[in-house]
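Notes follow the structure.
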Amino acid sequence: MARPTSAAARGLRVLKPSADFQRQARLSGLAAYKRLHAESLRAPDTFWRRMAEEHVVWRKPFHEVLRWKPPHAKWFVGGSLNVAENCLDRHLGTNRENQAAIIFEGEPGDVRTLTYRQLHAEVCRAAHVLENLGVGKGDRVAIYLPMIPEAVVAMLACARLGAIHTVVFGGFSPDSLKDRINGCHAKLLITADGGWRRGKIVELKSAADKALEHTPSVQAVLVVKRTAQAVTMRSGRDIWWTEALAGAPNSHRAKAFGSEHPLFILYTSGSTGKPKGVLHTSAGYLLGAKLSSRYVFDLKDNDRYFCSADIGWITGHSYVVYGLMSNGATVFLYEGAPNQPGPDRFWEMIDRHGLTILYTAPTAIRAFMRWGDEHVLRHRLDSLRLLGSVGEPINPEAWHWYHRLVGKGRCPIVDTWWQTETGSIMITPLPGATPLKPGSATLPFFGVAPRVVDERGREVGPDQDGKLVITRPWPSMLRTLWGDDERYRRTYFGEYGEHPDWYFTGDGARRDKDGYFWIIGRIDDVLNISGHRIGTAEVESALVAHPAVAEAAAVGKPDDLKGQSLVVFVTLKQAAVATDELREQLRAHVAREIGALARPDQVRFAPALPKTRSGKIMRRILKDIAAGKPVVGDVTTMEDVTVIAALQDAC
Ligand code: PRX
């Protein structure tokens, strides 16, 4: 993707919030934002105390806002709460009680609505079932479900019991599911027979069965019936969700848990072959998700909010479940593909359900562009009032298309930068306050202190590339990596020896003269393909597990649609022959090992890989070669320079 350059340099307009939008916005005008942001940094204790008291329902008040012993933070010390109660019970007895919490549409077109009262009853029933299965405080529960209401119910039931959920995206392979279950020793797995995707069944139960052959910690499996094809149910272990819930009471007395009680683990890719189990805890995470949802999406009682991210990613956690439901919002949940049965599925649903906010990813926007304007133009889209983007830098062309075709020039776009680790949105416009520059995530959210620095930690000048760091703790930050605190320290707080309290994001960025942030993308060994994080090391270790492969290196190549595409360079063992068939086998092999999202776009056979004299693969060179660019920069450390020409010829 083209690197974003500053709006001024590209001669682009700055788009001020419209008077219409400002009139109704929760926060109007840049001055109001600046005042609050300045206060959040000048007097963080006062600011966060006020926010936490106003937005969180406490069972017991906290007595200390922050205890910060870098790199470990404890927020709202001494307080206790129940996160599910914060998302559900607080709305009972209010006029939200009978408002839709979830409007669900399955890919085949089935629609189901759950009010806050109904969702509460379901969660209570599920909590009883989990308790009867022996799940309690601190136990881990794996969730491997399609985008159906039961996924939300399962998450909130865990939260209600103080059990820690780990949601695994339904597109991950049995092996990936197995690794995640074993990584946290989950006691229970909640899955479904299958889910609908592009008119076909994604066979979740049979994938889970494969994983379960090697997961000794799992004692029981709850199975939601969604697609109704035949599945194997192992007696003594597998239980149908509906049958189990049928007899359970629809009220449940929730216990309170400490502010720092773990809420969930979410595995994400890092720069080694082993995914990282990002741990989020209760009060700080909830407050970050709630506050950002309210201000970034300018939430109002009559909004109908649609986030197209799967529940298996952090976006689904924070901006489908916790942030939205703690605000009592109506969330639209869609199970399937955006082009099923036709490329206008989103637009058709937006009109039919009167959806007001759409939060999606640049890769989806670029796909819509490619499918053709006519599919969008056929629909009114007059219910929409706000658009959002997340997951990767949005190129100005896609931004303008989204703004013009979908938002009809009327809807502000919030380009939100954040990460699994940050828990909630960090750099973002506030739609009634922030003038927009297409391609920039704009300014930091309350309490967020980002800086762009060089290798030695010195702040770089305007429009200079550097590394993005966050120089203060914030309530929804990750607390550690599950079972590997050392890796947590090293990865996030080990970058600058002189600043052991700086969080290193792994992203490159630039700040313009107005203080606007332009995110360039990952500068570590993590790729961002269609908005999904994939670790190069994970792909490489999958490849070298194949009997024909001697060595492998994975790199990203700029791609108009996906942001980056995945190119792998492979050297073969002596007995293996480079054929097209083997190439296909290797692509399928990676998809099987990790999941279809990691299927390489290109496999290039090479006689050798470029290495330093100490044997480290020179990824920078492979990136240039994959992109078809001449190899520039220093190659003096290279062991054998003739490798470059051989690689350029290889295909
Ligand atoms: O590189 C940044 C990119 O996505 C990474 C985080 O990925 P993940 O943890 O999977 O979370 C995705 C959803 C929050 C970041 O390090 N990224 C995310 N949002 C943006 C972005 N890059 C540019 N602009 C964004 N708005």
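Identifiers in this document derive from the order of the structure tokens: chains are assigned A, B, ..., residues are numbered from 1 separately in each chain, and ligands are numbered from 1 in order of occurrence.
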Can you pull out the residues contacting A:Gly277? Cut-off 6 Å, using only C-alpha atoms, and skip same-chain residues under 3 positions away; I want them as a PDB file with all heavy atoms, in the first residue's frame.
```pdb
ATOM      1  N   ILE A 265      -8.348 -13.806  27.877  1.00  0.00           N
ATOM      2  CA  ILE A 265      -7.056 -13.957  27.206  1.00  0.00           C
ATOM      3  C   ILE A 265      -7.389 -13.960  25.725  1.00  0.00           C
ATOM      4  O   ILE A 265      -8.329 -14.642  25.307  1.00  0.00           O
ATOM      5  CB  ILE A 265      -6.401 -15.312  27.558  1.00  0.00           C
ATOM      6  CG1 ILE A 265      -6.201 -15.451  29.071  1.00  0.00           C
ATOM      7  CG2 ILE A 265      -5.084 -15.501  26.813  1.00  0.00           C
ATOM      8  CD1 ILE A 265      -5.886 -16.877  29.519  1.00  0.00           C
ATOM      9  N   LEU A 266      -6.672 -13.199  24.948  1.00  0.00           N
ATOM     10  CA  LEU A 266      -6.890 -13.254  23.508  1.00  0.00           C
ATOM     11  C   LEU A 266      -5.540 -13.468  22.840  1.00  0.00           C
ATOM     12  O   LEU A 266      -4.617 -12.666  23.031  1.00  0.00           O
ATOM     13  CB  LEU A 266      -7.560 -11.961  23.020  1.00  0.00           C
ATOM     14  CG  LEU A 266      -7.996 -11.970  21.561  1.00  0.00           C
ATOM     15  CD1 LEU A 266      -8.936 -13.126  21.243  1.00  0.00           C
ATOM     16  CD2 LEU A 266      -8.693 -10.660  21.207  1.00  0.00           C
ATOM     17  N   TYR A 267      -5.436 -14.562  22.108  1.00  0.00           N
ATOM     18  CA  TYR A 267      -4.156 -14.879  21.467  1.00  0.00           C
ATOM     19  C   TYR A 267      -3.983 -14.044  20.212  1.00  0.00           C
ATOM     20  O   TYR A 267      -4.918 -13.863  19.439  1.00  0.00           O
ATOM     21  CB  TYR A 267      -4.079 -16.382  21.159  1.00  0.00           C
ATOM     22  CG  TYR A 267      -3.790 -17.179  22.413  1.00  0.00           C
ATOM     23  CD1 TYR A 267      -4.819 -17.656  23.212  1.00  0.00           C
ATOM     24  CD2 TYR A 267      -2.480 -17.385  22.835  1.00  0.00           C
ATOM     25  CE1 TYR A 267      -4.552 -18.343  24.383  1.00  0.00           C
ATOM     26  CE2 TYR A 267      -2.208 -18.065  24.007  1.00  0.00           C
ATOM     27  CZ  TYR A 267      -3.239 -18.546  24.781  1.00  0.00           C
ATOM     28  OH  TYR A 267      -2.960 -19.208  25.941  1.00  0.00           O
ATOM     29  N   LEU A 481       1.402 -11.221  29.375  1.00  0.00           N
ATOM     30  CA  LEU A 481       1.094 -12.299  28.430  1.00  0.00           C
ATOM     31  C   LEU A 481       0.900 -13.548  29.282  1.00  0.00           C
ATOM     32  O   LEU A 481       1.735 -13.838  30.154  1.00  0.00           O
ATOM     33  CB  LEU A 481       2.234 -12.488  27.434  1.00  0.00           C
ATOM     34  CG  LEU A 481       2.459 -11.308  26.493  1.00  0.00           C
ATOM     35  CD1 LEU A 481       3.678 -11.543  25.600  1.00  0.00           C
ATOM     36  CD2 LEU A 481       1.213 -11.047  25.630  1.00  0.00           C
ATOM     37  N   TRP A 482      -0.177 -14.248  29.044  1.00  0.00           N
ATOM     38  CA  TRP A 482      -0.535 -15.386  29.880  1.00  0.00           C
ATOM     39  C   TRP A 482       0.628 -16.389  29.951  1.00  0.00           C
ATOM     40  O   TRP A 482       1.094 -16.875  28.927  1.00  0.00           O
ATOM     41  CB  TRP A 482      -1.790 -16.062  29.323  1.00  0.00           C
ATOM     42  CG  TRP A 482      -2.299 -17.161  30.183  1.00  0.00           C
ATOM     43  CD1 TRP A 482      -2.128 -18.499  29.981  1.00  0.00           C
ATOM     44  CD2 TRP A 482      -3.071 -17.019  31.384  1.00  0.00           C
ATOM     45  NE1 TRP A 482      -2.743 -19.192  30.983  1.00  0.00           N
ATOM     46  CE2 TRP A 482      -3.331 -18.311  31.863  1.00  0.00           C
ATOM     47  CE3 TRP A 482      -3.563 -15.911  32.108  1.00  0.00           C
ATOM     48  CZ2 TRP A 482      -4.060 -18.544  33.017  1.00  0.00           C
ATOM     49  CZ3 TRP A 482      -4.296 -16.150  33.258  1.00  0.00           C
ATOM     50  CH2 TRP A 482      -4.534 -17.450  33.694  1.00  0.00           C
TER      51      TRP A 482
END
```
Please return as a PDB file with N, CA, C and O atoms, in the first residue's frame the residues found within 7 Å of ligand 1, counting only C-alpha atoms and all ligand atoms.
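Result file follows (pocket-v9.pdb):
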```pdb
ATOM      1  N   THR A 268      -2.778 -13.534  20.041  1.00  0.00           N
ATOM      2  CA  THR A 268      -2.484 -12.749  18.843  1.00  0.00           C
ATOM      3  C   THR A 268      -1.061 -13.060  18.401  1.00  0.00           C
ATOM      4  O   THR A 268      -0.262 -13.564  19.184  1.00  0.00           O
ATOM      5  N   TRP A 313     -11.814 -11.541  17.272  1.00  0.00           N
ATOM      6  CA  TRP A 313     -10.749 -10.536  17.314  1.00  0.00           C
ATOM      7  C   TRP A 313     -11.044  -9.546  18.422  1.00  0.00           C
ATOM      8  O   TRP A 313     -12.164  -9.455  18.910  1.00  0.00           O
ATOM      9  N   ILE A 314     -10.055  -8.744  18.762  1.00  0.00           N
ATOM     10  CA  ILE A 314     -10.253  -7.774  19.848  1.00  0.00           C
ATOM     11  C   ILE A 314     -11.377  -6.796  19.502  1.00  0.00           C
ATOM     12  O   ILE A 314     -12.128  -6.369  20.381  1.00  0.00           O
ATOM     13  N   THR A 315     -11.525  -6.460  18.231  1.00  0.00           N
ATOM     14  CA  THR A 315     -12.589  -5.520  17.856  1.00  0.00           C
ATOM     15  C   THR A 315     -13.952  -6.079  18.248  1.00  0.00           C
ATOM     16  O   THR A 315     -14.824  -5.351  18.730  1.00  0.00           O
ATOM     17  N   SER A 389     -13.373   2.979  10.721  1.00  0.00           N
ATOM     18  CA  SER A 389     -12.393   2.135  10.050  1.00  0.00           C
ATOM     19  C   SER A 389     -11.392   1.651  11.087  1.00  0.00           C
ATOM     20  O   SER A 389     -11.013   2.391  11.988  1.00  0.00           O
ATOM     21  N   VAL A 390     -10.947   0.408  10.954  1.00  0.00           N
ATOM     22  CA  VAL A 390     -10.019  -0.164  11.926  1.00  0.00           C
ATOM     23  C   VAL A 390      -9.221  -1.309  11.329  1.00  0.00           C
ATOM     24  O   VAL A 390      -9.697  -1.995  10.433  1.00  0.00           O
ATOM     25  N   GLY A 391      -8.028  -1.493  11.827  1.00  0.00           N
ATOM     26  CA  GLY A 391      -7.274  -2.704  11.520  1.00  0.00           C
ATOM     27  C   GLY A 391      -6.023  -2.478  10.707  1.00  0.00           C
ATOM     28  O   GLY A 391      -5.095  -3.265  10.762  1.00  0.00           O
ATOM     29  N   GLU A 392      -5.977  -1.414   9.933  1.00  0.00           N
ATOM     30  CA  GLU A 392      -4.813  -1.125   9.099  1.00  0.00           C
ATOM     31  C   GLU A 392      -4.946   0.320   8.608  1.00  0.00           C
ATOM     32  O   GLU A 392      -6.018   0.909   8.704  1.00  0.00           O
ATOM     33  N   PRO A 393      -3.866   0.852   8.073  1.00  0.00           N
ATOM     34  CA  PRO A 393      -3.987   2.213   7.553  1.00  0.00           C
ATOM     35  C   PRO A 393      -4.998   2.239   6.404  1.00  0.00           C
ATOM     36  O   PRO A 393      -5.040   1.306   5.601  1.00  0.00           O
ATOM     37  N   ILE A 394      -5.831   3.256   6.381  1.00  0.00           N
ATOM     38  CA  ILE A 394      -6.779   3.366   5.258  1.00  0.00           C
ATOM     39  C   ILE A 394      -6.170   4.334   4.246  1.00  0.00           C
ATOM     40  O   ILE A 394      -5.822   5.470   4.595  1.00  0.00           O
ATOM     41  N   ASP A 415     -11.284   6.998  11.917  1.00  0.00           N
ATOM     42  CA  ASP A 415     -10.203   6.049  11.604  1.00  0.00           C
ATOM     43  C   ASP A 415      -9.502   5.774  12.930  1.00  0.00           C
ATOM     44  O   ASP A 415      -8.768   6.609  13.448  1.00  0.00           O
ATOM     45  N   THR A 416      -9.752   4.598  13.479  1.00  0.00           N
ATOM     46  CA  THR A 416      -9.359   4.313  14.862  1.00  0.00           C
ATOM     47  C   THR A 416      -8.121   3.433  14.912  1.00  0.00           C
ATOM     48  O   THR A 416      -8.137   2.305  14.434  1.00  0.00           O
ATOM     49  N   TRP A 417      -7.050   3.931  15.521  1.00  0.00           N
ATOM     50  CA  TRP A 417      -5.856   3.110  15.684  1.00  0.00           C
ATOM     51  C   TRP A 417      -5.819   2.515  17.084  1.00  0.00           C
ATOM     52  O   TRP A 417      -5.946   3.249  18.080  1.00  0.00           O
ATOM     53  N   TRP A 418      -5.610   1.229  17.148  1.00  0.00           N
ATOM     54  CA  TRP A 418      -5.416   0.546  18.435  1.00  0.00           C
ATOM     55  C   TRP A 418      -4.970  -0.874  18.169  1.00  0.00           C
ATOM     56  O   TRP A 418      -4.710  -1.230  17.018  1.00  0.00           O
ATOM     57  N   GLN A 419      -4.846  -1.689  19.196  1.00  0.00           N
ATOM     58  CA  GLN A 419      -4.303  -3.042  19.069  1.00  0.00           C
ATOM     59  C   GLN A 419      -4.973  -3.978  20.065  1.00  0.00           C
ATOM     60  O   GLN A 419      -5.543  -3.513  21.057  1.00  0.00           O
ATOM     61  N   THR A 420      -4.798  -5.275  19.836  1.00  0.00           N
ATOM     62  CA  THR A 420      -5.270  -6.267  20.808  1.00  0.00           C
ATOM     63  C   THR A 420      -4.761  -5.886  22.201  1.00  0.00           C
ATOM     64  O   THR A 420      -5.485  -5.948  23.193  1.00  0.00           O
ATOM     65  N   GLU A 421      -3.507  -5.469  22.250  1.00  0.00           N
ATOM     66  CA  GLU A 421      -2.864  -5.172  23.530  1.00  0.00           C
ATOM     67  C   GLU A 421      -3.425  -3.922  24.200  1.00  0.00           C
ATOM     68  O   GLU A 421      -3.421  -3.823  25.428  1.00  0.00           O
ATOM     69  N   ALA A 441      -5.172   8.755  11.554  1.00  0.00           N
ATOM     70  CA  ALA A 441      -6.012   8.386  12.706  1.00  0.00           C
ATOM     71  C   ALA A 441      -6.172   9.585  13.648  1.00  0.00           C
ATOM     72  O   ALA A 441      -6.826   9.485  14.682  1.00  0.00           O
ATOM     73  N   THR A 505       4.755  -0.065  20.578  1.00  0.00           N
ATOM     74  CA  THR A 505       3.578  -0.578  19.867  1.00  0.00           C
ATOM     75  C   THR A 505       3.917  -1.572  18.758  1.00  0.00           C
ATOM     76  O   THR A 505       3.052  -2.315  18.321  1.00  0.00           O
ATOM     77  N   GLY A 506       5.168  -1.524  18.261  1.00  0.00           N
ATOM     78  CA  GLY A 506       5.503  -2.352  17.094  1.00  0.00           C
ATOM     79  C   GLY A 506       5.116  -1.677  15.787  1.00  0.00           C
ATOM     80  O   GLY A 506       5.336  -2.222  14.709  1.00  0.00           O
ATOM     81  N   ASP A 507       4.526  -0.478  15.864  1.00  0.00           N
ATOM     82  CA  ASP A 507       4.130   0.258  14.658  1.00  0.00           C
ATOM     83  C   ASP A 507       5.079   1.423  14.392  1.00  0.00           C
ATOM     84  O   ASP A 507       5.592   2.047  15.322  1.00  0.00           O
ATOM     85  N   ILE A 519      -0.252   6.510  10.848  1.00  0.00           N
ATOM     86  CA  ILE A 519       0.321   5.204  11.163  1.00  0.00           C
ATOM     87  C   ILE A 519       0.856   4.584   9.874  1.00  0.00           C
ATOM     88  O   ILE A 519       0.136   4.523   8.867  1.00  0.00           O
ATOM     89  N   ILE A 520       2.097   4.142   9.917  1.00  0.00           N
ATOM     90  CA  ILE A 520       2.686   3.558   8.712  1.00  0.00           C
ATOM     91  C   ILE A 520       2.438   2.054   8.667  1.00  0.00           C
ATOM     92  O   ILE A 520       2.211   1.480   7.621  1.00  0.00           O
ATOM     93  N   GLY A 521       2.473   1.402   9.794  1.00  0.00           N
ATOM     94  CA  GLY A 521       2.243  -0.049   9.831  1.00  0.00           C
ATOM     95  C   GLY A 521       3.300  -0.729  10.676  1.00  0.00           C
ATOM     96  O   GLY A 521       4.153  -0.067  11.275  1.00  0.00           O
ATOM     97  N   ARG A 522       3.246  -2.056  10.712  1.00  0.00           N
ATOM     98  CA  ARG A 522       4.125  -2.823  11.596  1.00  0.00           C
ATOM     99  C   ARG A 522       5.592  -2.672  11.185  1.00  0.00           C
ATOM    100  O   ARG A 522       5.922  -2.707  10.006  1.00  0.00           O
ATOM    101  N   ASN A 528       0.266  -7.633   8.394  1.00  0.00           N
ATOM    102  CA  ASN A 528      -1.130  -7.271   8.553  1.00  0.00           C
ATOM    103  C   ASN A 528      -1.806  -7.562   7.212  1.00  0.00           C
ATOM    104  O   ASN A 528      -1.704  -6.791   6.274  1.00  0.00           O
ATOM    105  N   GLY A 531      -6.173  -6.882   7.407  1.00  0.00           N
ATOM    106  CA  GLY A 531      -6.506  -6.448   8.758  1.00  0.00           C
ATOM    107  C   GLY A 531      -6.271  -7.516   9.812  1.00  0.00           C
ATOM    108  O   GLY A 531      -6.568  -7.301  10.977  1.00  0.00           O
ATOM    109  N   HIS A 532      -5.731  -8.671   9.442  1.00  0.00           N
ATOM    110  CA  HIS A 532      -5.443  -9.718  10.423  1.00  0.00           C
ATOM    111  C   HIS A 532      -3.953  -9.816  10.659  1.00  0.00           C
ATOM    112  O   HIS A 532      -3.157  -9.810   9.726  1.00  0.00           O
ATOM    113  N   ARG A 533      -3.601  -9.960  11.919  1.00  0.00           N
ATOM    114  CA  ARG A 533      -2.189 -10.063  12.266  1.00  0.00           C
ATOM    115  C   ARG A 533      -1.694 -11.468  12.056  1.00  0.00           C
ATOM    116  O   ARG A 533      -2.272 -12.414  12.556  1.00  0.00           O
TER     117      ARG A 533
END
```
Self-check item: Among listed residues A:His499, A:Arg378, A:Arg140, A:His214, nearest A:Gly457 (using only C-alpha atoms)
Solution: A:His499
Quiz prompt | Long-range neighbours of A:Gly323 as an MDAnalysis selection string, 9 Å cut-off, only C-alpha atoms, 5 positions minimum in chain | solution = chainID A and resid 87 286:294 317:318 329 424
Exercise. Please provide the set of residues having any atom within 7 Å of A:Asp525, restricted to only C-alpha atoms, with same-chain residues fewer than 2 positions apart removed, written as a count of residues only.
Key: 5
For stretch 41-111 of chain A against stretch 153-166 of chain A, with a cut-off of 8 Å and counting only C-alpha atoms, what is the closest atom pair and its distance in Å to one decimal for every residue that makes the cut, ordered by chain and number, as a tab-separated table?
```
residue	atom	partner	partner_atom	distance
A:Asn82	CA	A:Arg160	CA	6.3
A:Val83	CA	A:Ala159	CA	6.0
A:Ala84	CA	A:Arg160	CA	5.0
A:Glu85	CA	A:Arg160	CA	7.1
```
Practice problem: Determine which residues of stretch 396-600 of chain A receive a DSSP assignment of helix (DSSP H, G or I), computed from the backbone, and state them as number ranges by chain. | Solution: A: 396-406, 485-493, 536-544, 580-593, 596-598
Quiz prompt | A:Met349 surroundings by only C-alpha atoms, 10 Å radius, close-in-sequence under 5 positions cut, as a list in words | solution =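 With the cut-off at 10 Å, the set is Glu105, Gly109, Phe306, Phe332, Tyr334, Asp344, Gly354, Leu355, His379 and Leu381 of chain A.
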Quiz item: For A:Ile534, which residue among A:Asp485, A:Pro475, A:Lys274, A:Thr356 is the nearest when counting only C-alpha atoms?
Solution: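 The shortest atom-to-atom distance to A:Ile534 comes from A:Lys274.
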Exercise. Output as a count of residues only all residues of stretch 238-371 of chain A that backbone DSSP marks as strand (DSSP E).
Key: 31
Exercise. Considering only C-alpha atoms, return as a ChimeraX atom specification whatever protein or nucleic-acid residues lie within 8 Å of stretch 112-122 of chain A, sequence-local ones (same chain, fewer than 2 positions apart) excluded.
Key: /A:88-89,91-92,96-105,110,124-126,153,250-251,328
Taking C-alpha atoms for each residue, export the selection above as a PDB file, in the first residue's frame.
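Written file, out-v1.pdb:
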```pdb
ATOM      1  CA  LEU A  88     -26.647  -6.269  31.439  1.00  0.00           C
ATOM      2  CA  ASP A  89     -28.156  -5.937  34.910  1.00  0.00           C
ATOM      3  CA  HIS A  91     -30.053  -1.777  32.140  1.00  0.00           C
ATOM      4  CA  LEU A  92     -32.825  -3.759  33.814  1.00  0.00           C
ATOM      5  CA  ARG A  96     -33.288   0.103  27.979  1.00  0.00           C
ATOM      6  CA  GLU A  97     -34.660  -3.124  29.410  1.00  0.00           C
ATOM      7  CA  ASN A  98     -36.927  -3.814  26.443  1.00  0.00           C
ATOM      8  CA  GLN A  99     -34.660  -2.278  23.855  1.00  0.00           C
ATOM      9  CA  ALA A 100     -32.817  -4.633  21.514  1.00  0.00           C
ATOM     10  CA  ALA A 101     -29.349  -5.512  22.745  1.00  0.00           C
ATOM     11  CA  ILE A 102     -28.691  -7.704  19.719  1.00  0.00           C
ATOM     12  CA  ILE A 103     -30.300  -7.752  16.312  1.00  0.00           C
ATOM     13  CA  PHE A 104     -28.867 -10.835  14.700  1.00  0.00           C
ATOM     14  CA  GLU A 105     -28.984 -11.785  11.047  1.00  0.00           C
ATOM     15  CA  ASP A 110     -32.760 -15.677   9.592  1.00  0.00           C
ATOM     16  CA  CYS A 124     -27.993 -16.181  33.539  1.00  0.00           C
ATOM     17  CA  ARG A 125     -29.047 -19.577  32.164  1.00  0.00           C
ATOM     18  CA  ALA A 126     -25.652 -20.115  30.582  1.00  0.00           C
ATOM     19  CA  VAL A 153     -23.932 -15.054  25.697  1.00  0.00           C
ATOM     20  CA  ASN A 250     -33.135 -17.301  34.107  1.00  0.00           C
ATOM     21  CA  SER A 251     -31.840 -15.339  37.036  1.00  0.00           C
ATOM     22  CA  GLY A 328     -26.771  -0.182  26.513  1.00  0.00           C
TER      23      GLY A 328
END
```
Quiz item: Looking at only C-alpha atoms, which of A:Ile594, A:Ala31, A:Leu204, A:Val414 is the one that sits closest to A:Arg180?
Solution: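 Using only C-alpha atoms, A:Arg180 sits closest to A:Ile594.
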